[in-house]
Amino acid sequence: MEKDFVIFDWEVFPEWNCMIWNVYNGTDNIEFHVISSDDKDYYKKLKEAAYKGYLCGFNIKGYDMQMLDLALKGYTPAELYEHNEEIINSNDGKFKSLSYWRRFDFTDLYDDMKGMGSLKQFESNTGLLIKESSVPFGKRNLTEQEKEDIITYCKHDVFATNRLLTARMGYIEAKATCSKLSDLSEAECLKNTAAKVCAKMLKAKQAENYGDDYYQPPEKLKPIFEQLIHPTILENFYGVELSNEFSYEVRYLKNHFVYGAGGVHSTYKDSLYYISDDDYILVDADFENLYPSLIIVYNYYAAGIPEDGKELFKFLKNECHRLKAKLKEMRKAGLSNTEEYSELYRLRDAIKLILNASTGAMRNKYSPLYDPKAIIALCMTGQLLATCVAKKCHDMGALIIQTNTDGVIFKVKRSDLQAVKDMLNDFAKQVEVNIDIDEEYAIFQKDVNNYILFAEKDSKPKLKGRWAKKSGSEVPLSPLNAPVINDAIMSFYSKNIPFEDSILKETKPLNFMMTTMRGPTYNGVLYADETGENPTYNVNRVYATTNVNKGTLYKYACDETGQIIKHDKIASIPEHCALFNDKVPDILDLPDIDYKWYIERAKKNAIEMERLA
């Protein structure tokens, strides 16, 4: 990186405010700097921090950056608090004016985030303290003790943001590396979302697509589709309006196919498992960079991309393929620990970020890449290509287990494997889209969107969907949802270990924890115990307890008078759960854990599966 990251957070009150910051060093050994409106050299300190490096925080674009900008302009604490209230109480107050973005170099860790709503959720997922300051927001005449309490709370959030930056560093490095692939500066790449970086790199300007409003396949693919796919299926594609309402279901190739504007799914049976044996082997055939490839080969570019942008996109896609092969060679040669490998890996990550962002942005009406007709037509072509792959494999004797937007999972005789590989490689050349062919050991499938795939008997599994996906401190951006349950399910399927053995032997308390969120349509959260229902935080961490005096969590909504009009139990947590919002220890010290609840939940989630013959 060209500059250090300066992680910061604000706390704003009617007569006082403070900003806590530190220079990121990748460790938990943090030197905090405190700037408060009580300081004589307040503005000097703010200015020093503001231009010391890349300002960094969580969801800072609409609030923290404004606070810093206004404070540097000389706003008094009262004026700053007044603006703070306007932002909090207005749906669009955060983003009325973004001119201050130009005055700072910064990166927002909330950009391109999926599945995480707040910094508190991250703190809960990683076992950090998630209690909030006891000082009420908006309090006047703060005592020195109250100011110290607020500063301590703010330091804790800055500490958590340091941890979050470490967790997101791969994404941040990928965005920064985009500067090496374009004429954009590193600062500009870090400041923008991946989609905006992509649009800037491709020099896109939003334009209307004046092409056909109805789907027609590319001329090169039309005879292939008509040769391989049943005419009834094609009739439901050809001439169909390019609309998000597109939907079609059919029984085909012994699978139930569901087509839609977003992709295709099919399953032989929803719940099944298969383990490769001496006679048959499981194969995963995935298109490599399917959507970017289709954009280039069949001209599905967004209407707003100029010719030089198209040439750059084509270069990036080819470079991604080259780097993938190069990195594979280096791993085989034992060079994966070299600086050259790391540099090439970062470069490939940056390219993948841009390639993937390009199609997502085509559905965003605010993006220069917006082109809803092109992306739906592209998606339809991809679905028909996946159907072709399934058909060709089926015709060679394979049993199609599932089809998805990226490719097909099937089982085939080992004696036919090489012939199937040759066929797939020939088909890939014919349609000009590469296909990755991976031999797998086993699949345990709840449905097409939820499965566990093992490359080898004891290998790290590939997980798809919330049913199987691990959560917790090892993947801290995912909701914490009692990882011990998911671990037990994987051990049961892959190693035939009883649920009781896995769960009773678990010693990490965080693996029993669940993060709960209030939700945007509610005003608060209540915790029920022997004393009644008492207010608690918006984000809480809980575990199942044997203490029947402990209750559960409820979220509530109020009307304008403060009367509760909605009172709902937070879903998927026990009837008896204990709050644990302190820092979670590394060793087990929770004698009231209800192991039975976790065992029963694991058994419930681990549905009966039929083994494929």
# chains A, B, ... in the order shown; residues from 1 in each chain; ligands from 1
$ closest_atom_pairs --of "segment 294-369 of chain A" --to "segment 152-173 of chain A" --cutoff "9 Å" --atoms "only C-alpha atoms" --output "Markdown table"
| residue | atom | partner | partner_atom | distance |
| --- | --- | --- | --- | --- |
| A:Arg346 | CA | A:Glu173 | CA | 6.9 |
| A:Asp349 | CA | A:Tyr171 | CA | 8.1 |
| A:Ala350 | CA | A:Glu173 | CA | 7.7 |
| A:Leu353 | CA | A:Tyr171 | CA | 8.3 |
$ residues_around --residues "segment 266-268 of chain A" --least-positions-apart "6" --cutoff "9 Å" --atoms "only C-alpha atoms" --output "list of chain:residue names"
A:Leu253, A:Lys254, A:Asn255, A:His256, A:Phe257, A:Val258, A:Tyr259, A:Leu399, A:Ile400, A:Ile401, A:Gln402, A:Thr403, A:Asn404, A:Asp447, A:Val448
$ write_last_selection --atoms "N, CA, C and O atoms" --output "compact mmCIF listing (two decimals), in the first residue's frame"
# COMPACT_ATOMS: atom_id res chain seq x y z
N LEU A 253 -33.86 -34.84 -18.27
CA LEU A 253 -32.63 -35.55 -17.94
C LEU A 253 -32.70 -36.16 -16.53
O LEU A 253 -31.71 -36.18 -15.80
N LYS A 254 -33.90 -36.62 -16.14
CA LYS A 254 -34.17 -37.20 -14.83
C LYS A 254 -33.98 -36.19 -13.70
O LYS A 254 -33.80 -36.56 -12.53
N ASN A 255 -34.00 -34.90 -14.05
CA ASN A 255 -33.86 -33.82 -13.07
C ASN A 255 -35.08 -32.91 -13.13
O ASN A 255 -35.76 -32.84 -14.16
N HIS A 256 -35.30 -32.21 -12.02
CA HIS A 256 -36.30 -31.14 -12.01
C HIS A 256 -35.56 -29.83 -12.24
O HIS A 256 -34.80 -29.39 -11.39
N PHE A 257 -35.76 -29.23 -13.43
CA PHE A 257 -35.08 -27.99 -13.79
C PHE A 257 -35.97 -26.79 -13.46
O PHE A 257 -37.16 -26.78 -13.75
N VAL A 258 -35.34 -25.77 -12.87
CA VAL A 258 -36.01 -24.49 -12.61
C VAL A 258 -35.17 -23.40 -13.26
O VAL A 258 -34.04 -23.14 -12.85
N TYR A 259 -35.74 -22.76 -14.28
CA TYR A 259 -35.07 -21.66 -14.97
C TYR A 259 -35.65 -20.33 -14.49
O TYR A 259 -36.84 -20.24 -14.17
N LEU A 399 -25.08 -39.81 -14.58
CA LEU A 399 -26.29 -39.45 -13.83
C LEU A 399 -26.10 -38.01 -13.34
O LEU A 399 -25.17 -37.73 -12.57
N ILE A 400 -26.95 -37.11 -13.79
CA ILE A 400 -26.86 -35.71 -13.39
C ILE A 400 -27.43 -35.57 -11.98
O ILE A 400 -28.60 -35.83 -11.74
N ILE A 401 -26.58 -35.16 -11.06
CA ILE A 401 -27.01 -34.97 -9.67
C ILE A 401 -27.62 -33.59 -9.48
O ILE A 401 -28.64 -33.43 -8.85
N GLN A 402 -26.97 -32.59 -10.06
CA GLN A 402 -27.53 -31.24 -10.02
C GLN A 402 -26.92 -30.39 -11.13
O GLN A 402 -25.80 -30.65 -11.60
N THR A 403 -27.68 -29.40 -11.54
CA THR A 403 -27.20 -28.38 -12.47
C THR A 403 -27.36 -27.04 -11.78
O THR A 403 -28.35 -26.80 -11.09
N ASN A 404 -26.38 -26.17 -11.95
CA ASN A 404 -26.49 -24.82 -11.41
C ASN A 404 -25.97 -23.83 -12.42
O ASN A 404 -25.55 -24.21 -13.52
N ASP A 447 -30.35 -29.81 -0.78
CA ASP A 447 -31.01 -29.37 -2.01
C ASP A 447 -29.95 -28.69 -2.86
O ASP A 447 -28.78 -28.61 -2.47
N VAL A 448 -30.35 -28.15 -4.01
CA VAL A 448 -29.36 -27.62 -4.94
C VAL A 448 -28.60 -26.43 -4.35
O VAL A 448 -27.46 -26.16 -4.74
$ residues_around --residues "segment 262-264 of chain A" --least-positions-apart "2" --cutoff "12 Å" --atoms "only C-alpha atoms" --output "PyMOL selection string"
chain A and resi 242-250+255-260+266-267+290-291+359-360+363+372+375-387+390+402-408+448-449
$ residues_around --residues "Leu323 of chain A" --least-positions-apart "6" --cutoff "8 Å" --atoms "only C-alpha atoms" --output "list in words"
Leu344, Tyr345 and Arg348 of chain A
$ write_last_selection --atoms "C-alpha atoms" --output "short mmCIF file (atom, residue, chain, number, x, y, z; two decimals), in the first residue's frame"
data_model
loop_
_atom_site.label_atom_id
_atom_site.label_comp_id
_atom_site.auth_asym_id
_atom_site.auth_seq_id
_atom_site.Cartn_x
_atom_site.Cartn_y
_atom_site.Cartn_z
CA LEU A 344 0.47 -12.77 -8.89
CA TYR A 345 -2.25 -14.04 -6.55
CA ARG A 348 -5.59 -12.38 -10.08
#
$ residues_around --residues "segment 95-110 of chain A" --least-positions-apart "5" --cutoff "6 Å" --atoms "only C-alpha atoms" --output "CSV table (one decimal) with N, CA, C and O atoms, in the first residue's frame"
chain,number,residue,atom,x,y,z
A,54,TYR,N,-4.7,6.5,4.7
A,54,TYR,CA,-6.1,6.2,4.2
A,54,TYR,C,-7.0,6.0,5.4
A,54,TYR,O,-6.8,5.1,6.2
A,55,LEU,N,-7.9,6.9,5.6
A,55,LEU,CA,-8.9,6.8,6.6
A,55,LEU,C,-9.7,5.5,6.4
A,55,LEU,O,-10.1,5.2,5.3
A,56,CYS,N,-10.0,4.8,7.5
A,56,CYS,CA,-10.6,3.5,7.4
A,56,CYS,C,-11.6,3.3,8.5
A,56,CYS,O,-11.3,3.6,9.7
A,57,GLY,N,-12.8,2.8,8.2
A,57,GLY,CA,-13.7,2.5,9.2
A,57,GLY,C,-14.9,1.6,8.6
A,57,GLY,O,-14.8,1.3,7.4
A,58,PHE,N,-15.9,1.4,9.4
A,58,PHE,CA,-17.0,0.6,9.0
A,58,PHE,C,-18.2,1.5,8.8
A,58,PHE,O,-18.7,2.1,9.7
A,59,ASN,N,-18.7,1.5,7.5
A,59,ASN,CA,-19.9,2.3,7.2
A,59,ASN,C,-19.6,3.8,7.5
A,59,ASN,O,-20.5,4.5,8.1
A,62,GLY,N,-21.2,7.8,5.0
A,62,GLY,CA,-22.3,8.7,5.2
A,62,GLY,C,-22.3,9.4,6.6
A,62,GLY,O,-23.0,10.4,6.7
A,187,ALA,N,-5.7,5.4,-4.4
A,187,ALA,CA,-6.6,6.1,-3.5
A,187,ALA,C,-8.0,6.0,-4.1
A,187,ALA,O,-9.0,5.8,-3.4
A,190,LEU,N,-9.5,2.5,-3.7
A,190,LEU,CA,-9.9,2.1,-2.4
A,190,LEU,C,-11.2,2.9,-2.0
A,190,LEU,O,-11.9,2.4,-1.1
A,191,LYS,N,-11.4,4.0,-2.5
A,191,LYS,CA,-12.5,4.9,-2.1
A,191,LYS,C,-13.8,4.4,-2.6
A,191,LYS,O,-14.9,4.6,-2.0
$ residues_around --residues "segment 574-577 of chain A" --least-positions-apart "2" --cutoff "12 Å" --atoms "only C-alpha atoms" --output "VMD selection string"
chain A and resid 481 to 482 512 to 516 527 to 530 540 to 554 569 to 572 579 to 580 592 to 598 600 to 601
$ write_last_selection --atoms "C-alpha atoms" --output "compact mmCIF listing (two decimals), in the first residue's frame"
# COMPACT_ATOMS: atom_id res chain seq x y z
CA ASN A 481 -24.94 -19.56 14.30
CA ALA A 482 -23.65 -22.21 16.72
CA PHE A 512 -21.91 -22.76 20.96
CA MET A 513 -22.83 -19.10 20.50
CA MET A 514 -25.41 -17.43 18.25
CA THR A 515 -25.57 -13.77 17.19
CA THR A 516 -29.01 -12.17 17.16
CA TYR A 527 -34.68 -10.49 27.23
CA ALA A 528 -37.02 -12.71 29.24
CA ASP A 529 -35.90 -14.32 32.48
CA GLU A 530 -37.27 -14.94 35.97
CA ASN A 540 -26.81 -9.98 21.45
CA ARG A 541 -24.86 -13.21 21.74
CA VAL A 542 -26.64 -16.19 23.30
CA TYR A 543 -26.23 -19.91 23.94
CA ALA A 544 -28.65 -22.67 24.91
CA THR A 545 -28.82 -23.16 28.67
CA THR A 546 -30.24 -25.81 31.00
CA ASN A 547 -31.34 -23.03 33.38
CA VAL A 548 -35.12 -22.94 32.95
CA ASN A 549 -35.24 -19.55 34.70
CA LYS A 550 -33.65 -18.07 31.61
CA GLY A 551 -35.94 -17.19 28.74
CA THR A 552 -35.46 -16.05 25.20
CA LEU A 553 -35.21 -12.79 23.19
CA TYR A 554 -38.05 -10.75 21.74
CA LYS A 569 -39.65 -13.95 19.36
CA ILE A 570 -36.29 -13.82 17.63
CA ALA A 571 -36.21 -16.87 15.39
CA SER A 572 -33.92 -19.91 15.53
CA LEU A 579 -26.86 -13.89 27.24
CA PHE A 580 -23.09 -13.76 26.81
CA ASP A 592 -25.11 -24.69 32.13
CA ILE A 593 -24.72 -25.40 28.40
CA ASP A 594 -27.67 -27.41 27.13
CA TYR A 595 -25.82 -29.99 25.06
CA LYS A 596 -29.07 -31.81 24.38
CA TRP A 597 -30.44 -28.78 22.48
CA TYR A 598 -27.42 -28.70 20.15
CA GLU A 600 -31.22 -32.35 18.71
CA ARG A 601 -30.73 -29.35 16.41
$ select_by_dssp --residues "segment 50-218 of chain A" --states "strand (DSSP E or B)" --output "short mmCIF file (atom, residue, chain, number, x, y, z; two decimals) with N, CA and C atoms, in the first residue's frame"
data_model
loop_
_atom_site.label_atom_id
_atom_site.label_comp_id
_atom_site.auth_asym_id
_atom_site.auth_seq_id
_atom_site.Cartn_x
_atom_site.Cartn_y
_atom_site.Cartn_z
N TYR A 54 -4.73 6.50 4.65
CA TYR A 54 -6.07 6.15 4.19
C TYR A 54 -6.98 6.02 5.41
N LEU A 55 -7.93 6.93 5.56
CA LEU A 55 -8.90 6.82 6.63
C LEU A 55 -9.72 5.55 6.43
N CYS A 56 -9.97 4.84 7.49
CA CYS A 56 -10.61 3.53 7.36
C CYS A 56 -11.58 3.31 8.51
N GLY A 57 -12.76 2.77 8.19
CA GLY A 57 -13.75 2.46 9.22
C GLY A 57 -14.86 1.63 8.62
N PHE A 106 -9.71 7.53 1.62
CA PHE A 106 -10.33 6.66 2.62
C PHE A 106 -10.78 5.35 1.97
N THR A 107 -11.12 4.39 2.81
CA THR A 107 -11.76 3.16 2.36
C THR A 107 -12.78 2.74 3.40
N ASP A 108 -13.92 2.28 2.94
CA ASP A 108 -15.02 1.90 3.82
C ASP A 108 -15.15 0.38 3.83
N TYR A 214 -36.66 -9.04 -26.66
CA TYR A 214 -37.02 -10.45 -26.51
C TYR A 214 -35.78 -11.31 -26.76
#
$ residues_around --residues "segment 12-14 of chain A" --least-positions-apart "5" --cutoff "7 Å" --atoms "only C-alpha atoms" --output "ChimeraX atom specification"
/A:77-78,81,137-140
$ closest_residue --among "A:Asp487, A:Asp28, A:Glu439, A:Glu329" --to "Ser276 of chain A" --atoms "only C-alpha atoms"
A:Glu439
$ closest_residue --among "A:Val34, A:Ile564, A:Asp501, A:Ile87" --to "Leu526 of chain A" --atoms "only C-alpha atoms"
A:Ile564
$ closest_residue --among "A:Tyr556, A:Phe225, A:Phe444, A:Phe499" --to "Tyr522 of chain A" --atoms "only C-alpha atoms"
A:Tyr556
$ select_by_dssp --residues "segment 364-401 of chain A" --states "helix (DSSP H, G or I)" --output "compact mmCIF listing (two decimals) with C-alpha atoms, in the first residue's frame"
# COMPACT_ATOMS: atom_id res chain seq x y z
CA PRO A 372 -31.04 -5.07 -17.52
CA LYS A 373 -31.78 -6.48 -20.97
CA ALA A 374 -28.18 -7.51 -21.61
CA ILE A 375 -27.74 -9.22 -18.24
CA ILE A 376 -31.00 -11.20 -18.54
CA ALA A 377 -30.15 -12.30 -22.10
CA LEU A 378 -26.66 -13.23 -20.91
CA CYS A 379 -28.14 -15.22 -18.04
CA MET A 380 -30.53 -17.07 -20.35
CA THR A 381 -27.69 -18.05 -22.67
CA GLY A 382 -25.69 -19.30 -19.69
CA GLN A 383 -28.62 -21.45 -18.56
CA LEU A 384 -28.98 -23.05 -21.97
CA LEU A 385 -25.23 -23.74 -22.08
CA ALA A 386 -25.43 -25.45 -18.68
CA THR A 387 -28.35 -27.50 -19.98
CA CYS A 388 -26.25 -28.53 -22.99
CA VAL A 389 -23.43 -29.72 -20.71
CA ALA A 390 -25.92 -31.74 -18.65
CA LYS A 391 -27.41 -33.24 -21.83
CA LYS A 392 -24.04 -34.25 -23.29
CA CYS A 393 -22.96 -35.85 -20.00
CA HIS A 394 -26.31 -37.62 -19.68
CA ASP A 395 -25.98 -38.99 -23.21
$ closest_residue --among "A:Glu11, A:Tyr370, A:Leu327, A:Ala357" --to "Asp112 of chain A" --atoms "only C-alpha atoms"
A:Ala357
$ closest_residue --among "A:Asn523, A:Asn289, A:Thr338, A:Ser185" --to "Ser358 of chain A" --atoms "only C-alpha atoms"
A:Asn289
$ closest_residue --among "A:Asp69, A:Glu340, A:Asp422, A:Glu432" --to "Pro292 of chain A" --atoms "only C-alpha atoms"
A:Glu432
